[in-house]
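Notes follow the structure.
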4 protein chains.
Amino acid sequence: MTNPNKKQSQIPEQRSQGRHLVFSHIRNNLQMARIDIANATGMSPATVTAITAELITAGLIEEVQRVVEPGQSKRGRPRVDLKLRGKAHIVVGMKVTAKLITAVVMDLEGNQLGKAQTTIPRRLLSREDLMKLIPELVAKAAQSANLDVSDLSAIGIGIPGTVKADTGFVDWCPLIEEQEFNLKHLLQEVLPMPCFIENDANAVAMAELWFGFGRDVPDFLVVTIEQGVGLGIVLGGKIFRGTQGFGAEFGHTKVQIEGALCRCGQRGCLEAYVADYALLREAELFSHWSDEPNTEQRLIQLYDSAKSGDLTAKSIFDRASRMFAMGLANLVNLFDPALVILAGEQMRFDYLYAQPVFDAVKESTIQRGHHAPEIRIHKWGDMMWAKGAAAYALEEVVGLSMDQLNNGETAT
Amino acid sequence: MTNPNKKQSQIPEQRSQGRHLVFSHIRNNLQMARIDIANATGMSPATVTAITAELITAGLIEEVQRVVEPGQSKRGRPRVDLKLRGKAHIVVGMKVTAKLITAVVMDLEGNQLGKAQTTIPRRLLSREDLMKLIPELVAKAAQSANLDVSDLSAIGIGIPGTVKADTGFVDWCPLIEEQEFNLKHLLQEVLPMPCFIENDANAVAMAELWFGFGRDVPDFLVVTIEQGVGLGIVLGGKIFRGTQGFGAEFGHTKVQIEGALCRCGQRGCLEAYVADYALLREAELFSHWSDEPNTEQRLIQLYDSAKSGDLTAKSIFDRASRMFAMGLANLVNLFDPALVILAGEQMRFDYLYAQPVFDAVKESTIQRGHHAPEIRIHKWGDMMWAKGAAAYALEEVVGLSMDQLNNGETAT
Amino acid sequence: MTNPNKKQSQIPEQRSQGRHLVFSHIRNNLQMARIDIANATGMSPATVTAITAELITAGLIEEVQRVVEPGQSKRGRPRVDLKLRGKAHIVVGMKVTAKLITAVVMDLEGNQLGKAQTTIPRRLLSREDLMKLIPELVAKAAQSANLDVSDLSAIGIGIPGTVKADTGFVDWCPLIEEQEFNLKHLLQEVLPMPCFIENDANAVAMAELWFGFGRDVPDFLVVTIEQGVGLGIVLGGKIFRGTQGFGAEFGHTKVQIEGALCRCGQRGCLEAYVADYALLREAELFSHWSDEPNTEQRLIQLYDSAKSGDLTAKSIFDRASRMFAMGLANLVNLFDPALVILAGEQMRFDYLYAQPVFDAVKESTIQRGHHAPEIRIHKWGDMMWAKGAAAYALEEVVGLSMDQLNNGETAT
Amino acid sequence: MTNPNKKQSQIPEQRSQGRHLVFSHIRNNLQMARIDIANATGMSPATVTAITAELITAGLIEEVQRVVEPGQSKRGRPRVDLKLRGKAHIVVGMKVTAKLITAVVMDLEGNQLGKAQTTIPRRLLSREDLMKLIPELVAKAAQSANLDVSDLSAIGIGIPGTVKADTGFVDWCPLIEEQEFNLKHLLQEVLPMPCFIENDANAVAMAELWFGFGRDVPDFLVVTIEQGVGLGIVLGGKIFRGTQGFGAEFGHTKVQIEGALCRCGQRGCLEAYVADYALLREAELFSHWSDEPNTEQRLIQLYDSAKSGDLTAKSIFDRASRMFAMGLANLVNLFDPALVILAGEQMRFDYLYAQPVFDAVKESTIQRGHHAPEIRIHKWGDMMWAKGAAAYALEEVVGLSMDQLNNGETAT
């Protein structure tokens, strides 16, 4: 949402908008000729030429010879495309979970250059832990990619909870002892490169926008279900965080009056029916199915039981499905998205990402036939969350590069 | 949502954006000096001067001497402010309800110049009825304002249901026999001025933006409860209709699995608990409280009974309140708005717009203390819906005037 | 429930118990030889002979030659059976509904000798109406059977609501204007024979006991669904009315917190989901399916729509089924009956009396495999309710005959 | 429920009924003169004299001089009352819980002579454990009362789950590894005196009947809430176990469709909202309030938190209260009892046994003003369950004594 009342200098903003537009077109299309950029954006070819020159100078994009496919005619001179310059920015993305911090090293083109992880030593992280573990993991991640820490342009960190992404202030995170502190400021004391903090589901939405199913879609929703229920809303190619920055609390929309108790202390939250803890809480009544101490493994066993026909296990997943469909339908009723992405690392509980749920969503939304949202399932593998944080870091560090271009221009 | 992929000509768009920005600043502030516009928008004084000259020439705004309040110093020359020029556009706004069509005549400054209404002759309107009744009502409304129909710039029509505002196509409207037809095209055959069709709740949101509590707020929600439950979402100063144009279906978000049956045929919709029909459906079990045939009057009697201590009547409103709070909390959890406006003509059922509901919303949203939305109640009086439609007509007709300016500019 | 503290004279009571035992054995077996009665009751043949002699003298039973089936040996003298003597008592049973009072004339053997009905002239009956309509209908019913009113031994009247069967006091009846009055006393002023008033569902249970599926079953439940939801509980061959006489309010057991509003003013009652009014209340949202003014006919049309695939109509019946299954399961969990009879006049809404409901009941009761109750459907045809009232009258009038025998005996 | 079809010899049965009647009158009144017994039962003084002579000979009752209160006149000869003879039968009552088996030694007058307990060595008891632990505990209990095991007339054992009390067959008990076996037969192999097995809530109801609030009330309900939710139904002075012996499953009546998962594998059971495990399951989401490993202690801490104003803890108890009220109201609607006893050892969670719950029950039952049940809270202290089992043993062993009298009589 751009605030029409915000003070702004018009000319630089226009140029800045143009640069972002060109950059995102190139990114979304992987590589693209100048004339196609002009056609797609409606800019004049001259403007496109000027902007791409700036971006090349800034090192963000580079020219590349288009490979002519066999059978294509090669009349005239070879076409030159533009693509992002991977080396322009190499970042580390991190995800903090209850037990681990995982990190991935990624370049501007989305290539994964390395990865690393570290175990969390206690139940809740202290701020001291964060100041120690994160720099260590940055070093370890850089090493895994045969890089120096000084080669890294930025760090992105995704955490569950409520985060002010613009300032790096953590309002509430279930994994950290202290609350209401500025994690970005803290980390900038011990890390030499810019740090960016974002809510983990928003970070995944950013990854969908940069590298995933949302690449050429201006508006879409990303839903994740693991420890909690996450939602990333992308409107107009931007993360929509709610008008005050704390929206998209999908996991805490209520699906039942006087309902199940949620970790947030309220009743009837969607999360209290579909998150990992909600499934396990019900399963724990029944001792026969597992002595497995690892909750991840217990969940997998529970799901296997359901698939093998255990009626109680099935009942647990069935109810979660129905509630999930109800919550998802509410999102569709409000946002009417063309695309909903259900993103996960393993998609182990495919009951939630299944046709009966999609059918129930359809039956619970105001239907005009032609506009049911496409629901796509994106199985990322084990680095989804960290890649999301990396995408967020790239988005921000490219923004900084653009700002420098603007400032340079203003200076002249 | 601006689509970054949309083809566009950059230079005219910038100028066009500038004009809209200046216009909306003047509108929101009622009257404003050029220098204050420059300060507020960040534009250069020269640009502001150029744009305001264009808008004056186009007749949309005019200069006005600022009245000096007693006691203020009058050093230097008198200040000149700019304000909208009321006569620039006079429009009729109409609301179609189950029994009536109401109309209001309004100028660009929001002054109400006249009003009229007509009774709907049967249970469901036919397309023929619309083509007959609406032009008649336009004439009647113009006459009430001592105007000719030819003095009117545009007609805005608000209807419940699902409408494609950009084309005037009605997907579904509970009050009309036929469905899926283009109401705008139909009316343009019998009316000489542009017609604009909008969902009624969106139209009310537009009225809040132009004349109401949303005047200086870029992002807010407007909720209405009468025949149904309406929601208008304003993001970045624009109506957000969902990414495919059919969102904001707040009345059909689900608050109860296996819940009450809604007019839409689905179960558990918020509307099925709080709309007029939902309240009356429960009350009709009890014959003792009313033989009143008019549903409006029955509702008022029911509410009076509740206030007088009738336990059953109270139970009807109490449950509606709880469900409304749950639905509203879900909106707040997703959109995190700074402002929610509860808008109504009579606000007769103040149980829904009352502190216990607001408290319940607060208890059902993820709270960080500092960001609870302000909830404001806007009691419009009897022309809210028609004024909303008028505001929508003004928004659109001003857009057309701006487009003419752009086209003129392109021509030079 | 017999109260062990009740003052009683032991010897007569024993003889009285013996008479009732012999009588009910003959009734349940239609006809029976003395020796078989002795075997079945454990009484000595001499006692059986003495008691049957008394009953024959009193005219309640009579001897009948047993028909020898072809192929059976006819050695020795022909067997003499005992059977009830139909003419011993001829009664009228009546059911009061919202629109009609129906009456049936029945003899002690359960033969239907005549029937009649009368229309209720206004929405609610007054006491004056009852005092006028009921005697008129008694006369009309007697005439239909070619009998004089003086041939009738008793009148039984079944009404919905809360009735003290032992005194004939009506605590609450939804069909009558006045409440809390003694209907029996009122009627005894205008009718020459004993009148007995009973809750209509209890009366149906009595009919099941005398003539229906409960004939040889000491403990069973009878459920009826029409205007409301009725329950008759038979324990030890007697109607169980709750320990204070107002139990068996099955229709007002709660199946949903904050649920649908019931005619009783409370929320979440089973009746508010499954009774006729509950189905119609939902259907009335949708005008397209019927303009039929008769509610009975509307319901039939609604059910036809559901069967023809109308999704909304189907949804109405589906939810009712689920709630009915839940309520029924609660009964089974508490009473663990061997037999549940679902009794109705038309059984038109067989969705409620269908396998999916029975399966859901089974899944919602504590199962030990061997004790799931048998659920039987009893389609009575159009005089079920009146026959119930007749059965109640027979039960009571036979009781009076027995008391006379006792008094005679005491006198000697 | 007496089965009217049951074969029986009439004369002895009458005498047997008379004996039970006299015995229960004496028990309920603690002590009583013969003439008062005759008045109360309606028997002739001669019959009472004959029966009391038999009971004195059998040692079940004894004469006692009535103490003349100061101020009472002492005209004529001193009054002789009859009372139970405590030494007639000394029994042990036992309750099996998840962690302990508790035992109490009690005489026929209800005097507690001793007590003992033993710890359960593992999570689930095996049949071998039972055969070893129970005899050991019998010996220990006898010793605590300075008695020999041979002084004991009978053992009563109360267990949760589904038990056929007449045969001692255990269908299902959550505390024992094996299911579907005859516990009575097993124990009779290792114990010299009669053993009686009963569902624990029924046993508590028996204690209310013998020694508690049900002493002079023919019909009442007893509700217990601890590990599960128990119900004992007393009708006509007898435990009503459902017509097939598995009723009174109050804890598994459903209060919510698609509700919380219960230990029984079904959803929406009352127990899944109010039993200890249900409260703890919700509390376990929140780590801050307790690290206490003992679940009993955790619950107490949780309750203390609620009372101190912790909103989450309060929410846990509040919802349980609402659901409990709903379940209780359903019982009242069906059984219309004059008396409901809420029985517990500690009544630690007095939120469930509190005025708001009683008010909600009243609001959810069909009210005719005059018949709301009395709800009484019975705080037994720590031996309630074992005393219940003892009461059951006394009931059964007295029955055996009576049978011997009958047999003796038949012999003559």
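The chains in the structure tokens are called A, B, ... from first to last as shown; in each chain the residues are counted from 1, and the ligands are counted from 1 in the order shown.
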
Using only C-alpha atoms, find each residue of chain D with at least one atom at most 12 Å away from an atom of chain A; report its shortest atom-to-atom pair and that distance in Å (one decimal), sort the rows by chain and rising residue number, and return the result as a Markdown table.
```
| residue | atom | partner | partner_atom | distance |
| --- | --- | --- | --- | --- |
| D:Arg123 | CA | A:Ser287 | CA | 10.5 |
| D:Leu124 | CA | A:Ser287 | CA | 11.1 |
| D:Pro174 | CA | A:Phe286 | CA | 11.0 |
| D:Glu177 | CA | A:His288 | CA | 11.4 |
| D:Gln256 | CA | A:Gly259 | CA | 10.0 |
| D:Ile257 | CA | A:Arg319 | CA | 10.7 |
| D:Glu258 | CA | A:Arg319 | CA | 7.0 |
| D:Gly259 | CA | A:Gly259 | CA | 8.4 |
| D:Ala260 | CA | A:Ala260 | CA | 7.6 |
| D:Leu261 | CA | A:Glu282 | CA | 6.3 |
| D:Cys262 | CA | A:Leu285 | CA | 7.7 |
| D:Arg263 | CA | A:Leu285 | CA | 6.0 |
| D:Cys264 | CA | A:Phe286 | CA | 9.2 |
| D:Gly265 | CA | A:Thr312 | CA | 5.6 |
| D:Gln266 | CA | A:Thr312 | CA | 7.8 |
| D:Arg267 | CA | A:Ser315 | CA | 8.5 |
| D:Gly268 | CA | A:Gly259 | CA | 11.3 |
| D:Ala272 | CA | A:Leu285 | CA | 10.2 |
| D:Tyr273 | CA | A:Ala260 | CA | 9.9 |
| D:Asp276 | CA | A:Leu285 | CA | 12.0 |
| D:Tyr277 | CA | A:Leu285 | CA | 8.3 |
| D:Ala278 | CA | A:Leu285 | CA | 9.4 |
| D:Leu279 | CA | A:Leu261 | CA | 10.5 |
| D:Leu280 | CA | A:Arg281 | CA | 10.4 |
| D:Arg281 | CA | A:Arg281 | CA | 6.7 |
| D:Glu282 | CA | A:Leu261 | CA | 6.2 |
| D:Ala283 | CA | A:Leu261 | CA | 8.7 |
| D:Glu284 | CA | A:Arg281 | CA | 8.8 |
| D:Leu285 | CA | A:Arg263 | CA | 6.0 |
| D:Phe286 | CA | A:Arg263 | CA | 7.0 |
| D:Ser287 | CA | A:Arg263 | CA | 10.2 |
| D:His288 | CA | A:Glu177 | CA | 11.3 |
| D:Asp310 | CA | A:Gly265 | CA | 10.4 |
| D:Leu311 | CA | A:Gly265 | CA | 8.0 |
| D:Thr312 | CA | A:Gly265 | CA | 5.6 |
| D:Ala313 | CA | A:Gly265 | CA | 9.1 |
| D:Lys314 | CA | A:Gly265 | CA | 10.5 |
| D:Ser315 | CA | A:Gln266 | CA | 8.4 |
| D:Ile316 | CA | A:Leu261 | CA | 7.9 |
| D:Phe317 | CA | A:Leu261 | CA | 11.6 |
| D:Asp318 | CA | A:Glu258 | CA | 9.8 |
| D:Arg319 | CA | A:Glu258 | CA | 7.0 |
| D:Ala320 | CA | A:Glu258 | CA | 10.2 |
| D:Ser321 | CA | A:Glu258 | CA | 11.6 |
| D:Arg322 | CA | A:Glu258 | CA | 9.4 |
| D:Met323 | CA | A:Glu258 | CA | 9.8 |
```

Margin query: So that I can check the secondary structure, give me every residue of segment 65-178 of chain B assigned alpha helix (DSSP H) by backbone DSSP, as JSON, numbers by chain.
Written below: {"B": [127, 128, 129, 130, 131, 132, 133, 134, 135, 136, 137, 138, 139, 140, 141, 142, 143, 144]}

Item checked: Distance in Å - atom CA of Glu226 of chain A versus atom CA of Glu271 of chain A -> 9.5 Å

Check: Which residues, written as a ChimeraX atom specification, have at least one atom at most 7 Å from Ile101 of chain C, with only C-alpha atoms counted and residues fewer than 4 positions away on the same chain left out?
Finding: /C:94-97,117-119

Notebook entry, point to check: Which residues in segment 241-310 of chain B does DSSP call strand (DSSP E or B)? List them as a PyMOL selection string.
Noted result: chain B and resi 254+261+267+269

Next item on the list: Tell me, as a list in words, which residues lie within 12 Å of Met131 of chain C, counting only C-alpha atoms; anything in the same chain fewer than 5 positions away does not count.
Entry: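 Contacts, with the query itself left out: Leu125, Ser126, Glu136, Leu137, Val138, Leu183, Lys184, His185, Leu186, Leu187, Gln188, Glu189, Val190 and Leu191 of chain C.
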
Checklist line | Distance in Å - atom CA of Arg215 of chain C versus atom CA of Asp200 of chain C | finding: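 Answer for the atom CA of Arg215 of chain C to atom CA of Asp200 of chain C separation: 18.6 Å.
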
Note to self: Need the shell around Ile225 of chain B: protein/DNA/RNA residues with any atom at most 8 Å away, counting only C-alpha atoms. Skip same-chain ones fewer than 2 positions apart. Format as a list in words?
What the structure shows: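 My reading of the contact set: Val223, Gln227, Gly228, Val229, Gly230, Val274, Ala275, Asp276, Ala343 and Gly344 of chain B.
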
Margin query: What does the structure give for the distance between atom CA of Ala203 of chain C and atom CA of Ala391 of chain C, in Å to one decimal?
Written below: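 These atoms are spaced 7.0 Å apart.
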
Notebook entry, point to check: What lies within 9 Å of Asn28 of chain A using only C-alpha atoms, ignoring chain neighbours under 2 positions off, as a list in words?
Noted result: Phe23, Ser24, His25, Ile26, Leu30, Gln31, Leu209, Trp210, Phe211, Arg215 and Asp216 of chain A

The selected residues should be written to file as a PDB file, in the first residue's frame (atoms: N, CA, C and O atoms).
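Below is the file result27.pdb, written as the result:
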```
ATOM      1  N   PHE A  23      13.888  -4.185 -13.028  1.00  0.00           N
ATOM      2  CA  PHE A  23      14.570  -5.259 -12.298  1.00  0.00           C
ATOM      3  C   PHE A  23      13.621  -6.451 -12.071  1.00  0.00           C
ATOM      4  O   PHE A  23      13.992  -7.598 -12.316  1.00  0.00           O
ATOM      5  N   SER A  24      12.393  -6.149 -11.646  1.00  0.00           N
ATOM      6  CA  SER A  24      11.497  -7.275 -11.333  1.00  0.00           C
ATOM      7  C   SER A  24      11.054  -8.004 -12.604  1.00  0.00           C
ATOM      8  O   SER A  24      10.861  -9.220 -12.587  1.00  0.00           O
ATOM      9  N   HIS A  25      10.941  -7.279 -13.697  1.00  0.00           N
ATOM     10  CA  HIS A  25      10.616  -7.977 -14.942  1.00  0.00           C
ATOM     11  C   HIS A  25      11.740  -8.942 -15.342  1.00  0.00           C
ATOM     12  O   HIS A  25      11.478 -10.064 -15.756  1.00  0.00           O
ATOM     13  N   ILE A  26      12.952  -8.474 -15.233  1.00  0.00           N
ATOM     14  CA  ILE A  26      14.080  -9.355 -15.580  1.00  0.00           C
ATOM     15  C   ILE A  26      14.105 -10.572 -14.632  1.00  0.00           C
ATOM     16  O   ILE A  26      14.248 -11.706 -15.072  1.00  0.00           O
ATOM     17  N   LEU A  30      13.585 -14.427 -15.741  1.00  0.00           N
ATOM     18  CA  LEU A  30      14.919 -15.035 -15.731  1.00  0.00           C
ATOM     19  C   LEU A  30      15.853 -14.295 -16.677  1.00  0.00           C
ATOM     20  O   LEU A  30      16.911 -13.837 -16.283  1.00  0.00           O
ATOM     21  N   GLN A  31      15.485 -14.179 -17.939  1.00  0.00           N
ATOM     22  CA  GLN A  31      16.259 -13.287 -18.804  1.00  0.00           C
ATOM     23  C   GLN A  31      15.323 -12.722 -19.867  1.00  0.00           C
ATOM     24  O   GLN A  31      14.337 -13.320 -20.239  1.00  0.00           O
ATOM     25  N   LEU A 209       7.714 -15.252  -4.358  1.00  0.00           N
ATOM     26  CA  LEU A 209       7.716 -14.119  -5.288  1.00  0.00           C
ATOM     27  C   LEU A 209       9.014 -14.083  -6.101  1.00  0.00           C
ATOM     28  O   LEU A 209       9.007 -13.838  -7.305  1.00  0.00           O
ATOM     29  N   TRP A 210      10.131 -14.367  -5.429  1.00  0.00           N
ATOM     30  CA  TRP A 210      11.425 -14.283  -6.119  1.00  0.00           C
ATOM     31  C   TRP A 210      11.724 -15.524  -6.952  1.00  0.00           C
ATOM     32  O   TRP A 210      12.223 -15.430  -8.057  1.00  0.00           O
ATOM     33  N   PHE A 211      11.444 -16.697  -6.349  1.00  0.00           N
ATOM     34  CA  PHE A 211      11.906 -17.930  -7.011  1.00  0.00           C
ATOM     35  C   PHE A 211      10.803 -18.942  -7.233  1.00  0.00           C
ATOM     36  O   PHE A 211      11.047 -19.986  -7.829  1.00  0.00           O
ATOM     37  N   ARG A 215       6.157 -15.964  -8.972  1.00  0.00           N
ATOM     38  CA  ARG A 215       7.109 -15.190  -9.766  1.00  0.00           C
ATOM     39  C   ARG A 215       6.425 -14.190 -10.712  1.00  0.00           C
ATOM     40  O   ARG A 215       6.860 -13.059 -10.839  1.00  0.00           O
ATOM     41  N   ASP A 216       5.381 -14.586 -11.360  1.00  0.00           N
ATOM     42  CA  ASP A 216       4.747 -13.679 -12.308  1.00  0.00           C
ATOM     43  C   ASP A 216       3.299 -13.359 -11.920  1.00  0.00           C
ATOM     44  O   ASP A 216       2.470 -13.051 -12.757  1.00  0.00           O
TER      45      ASP A 216
END
```

Item checked: Surrounding residues of Ala33 of chain A excluding itself and chain neighbours under 3 positions, 8 Å, only C-alpha atoms, as a list of chain:residue names -> A:Asp36, A:Ile37, A:Arg79, A:Val80, A:Asp81, A:Leu82
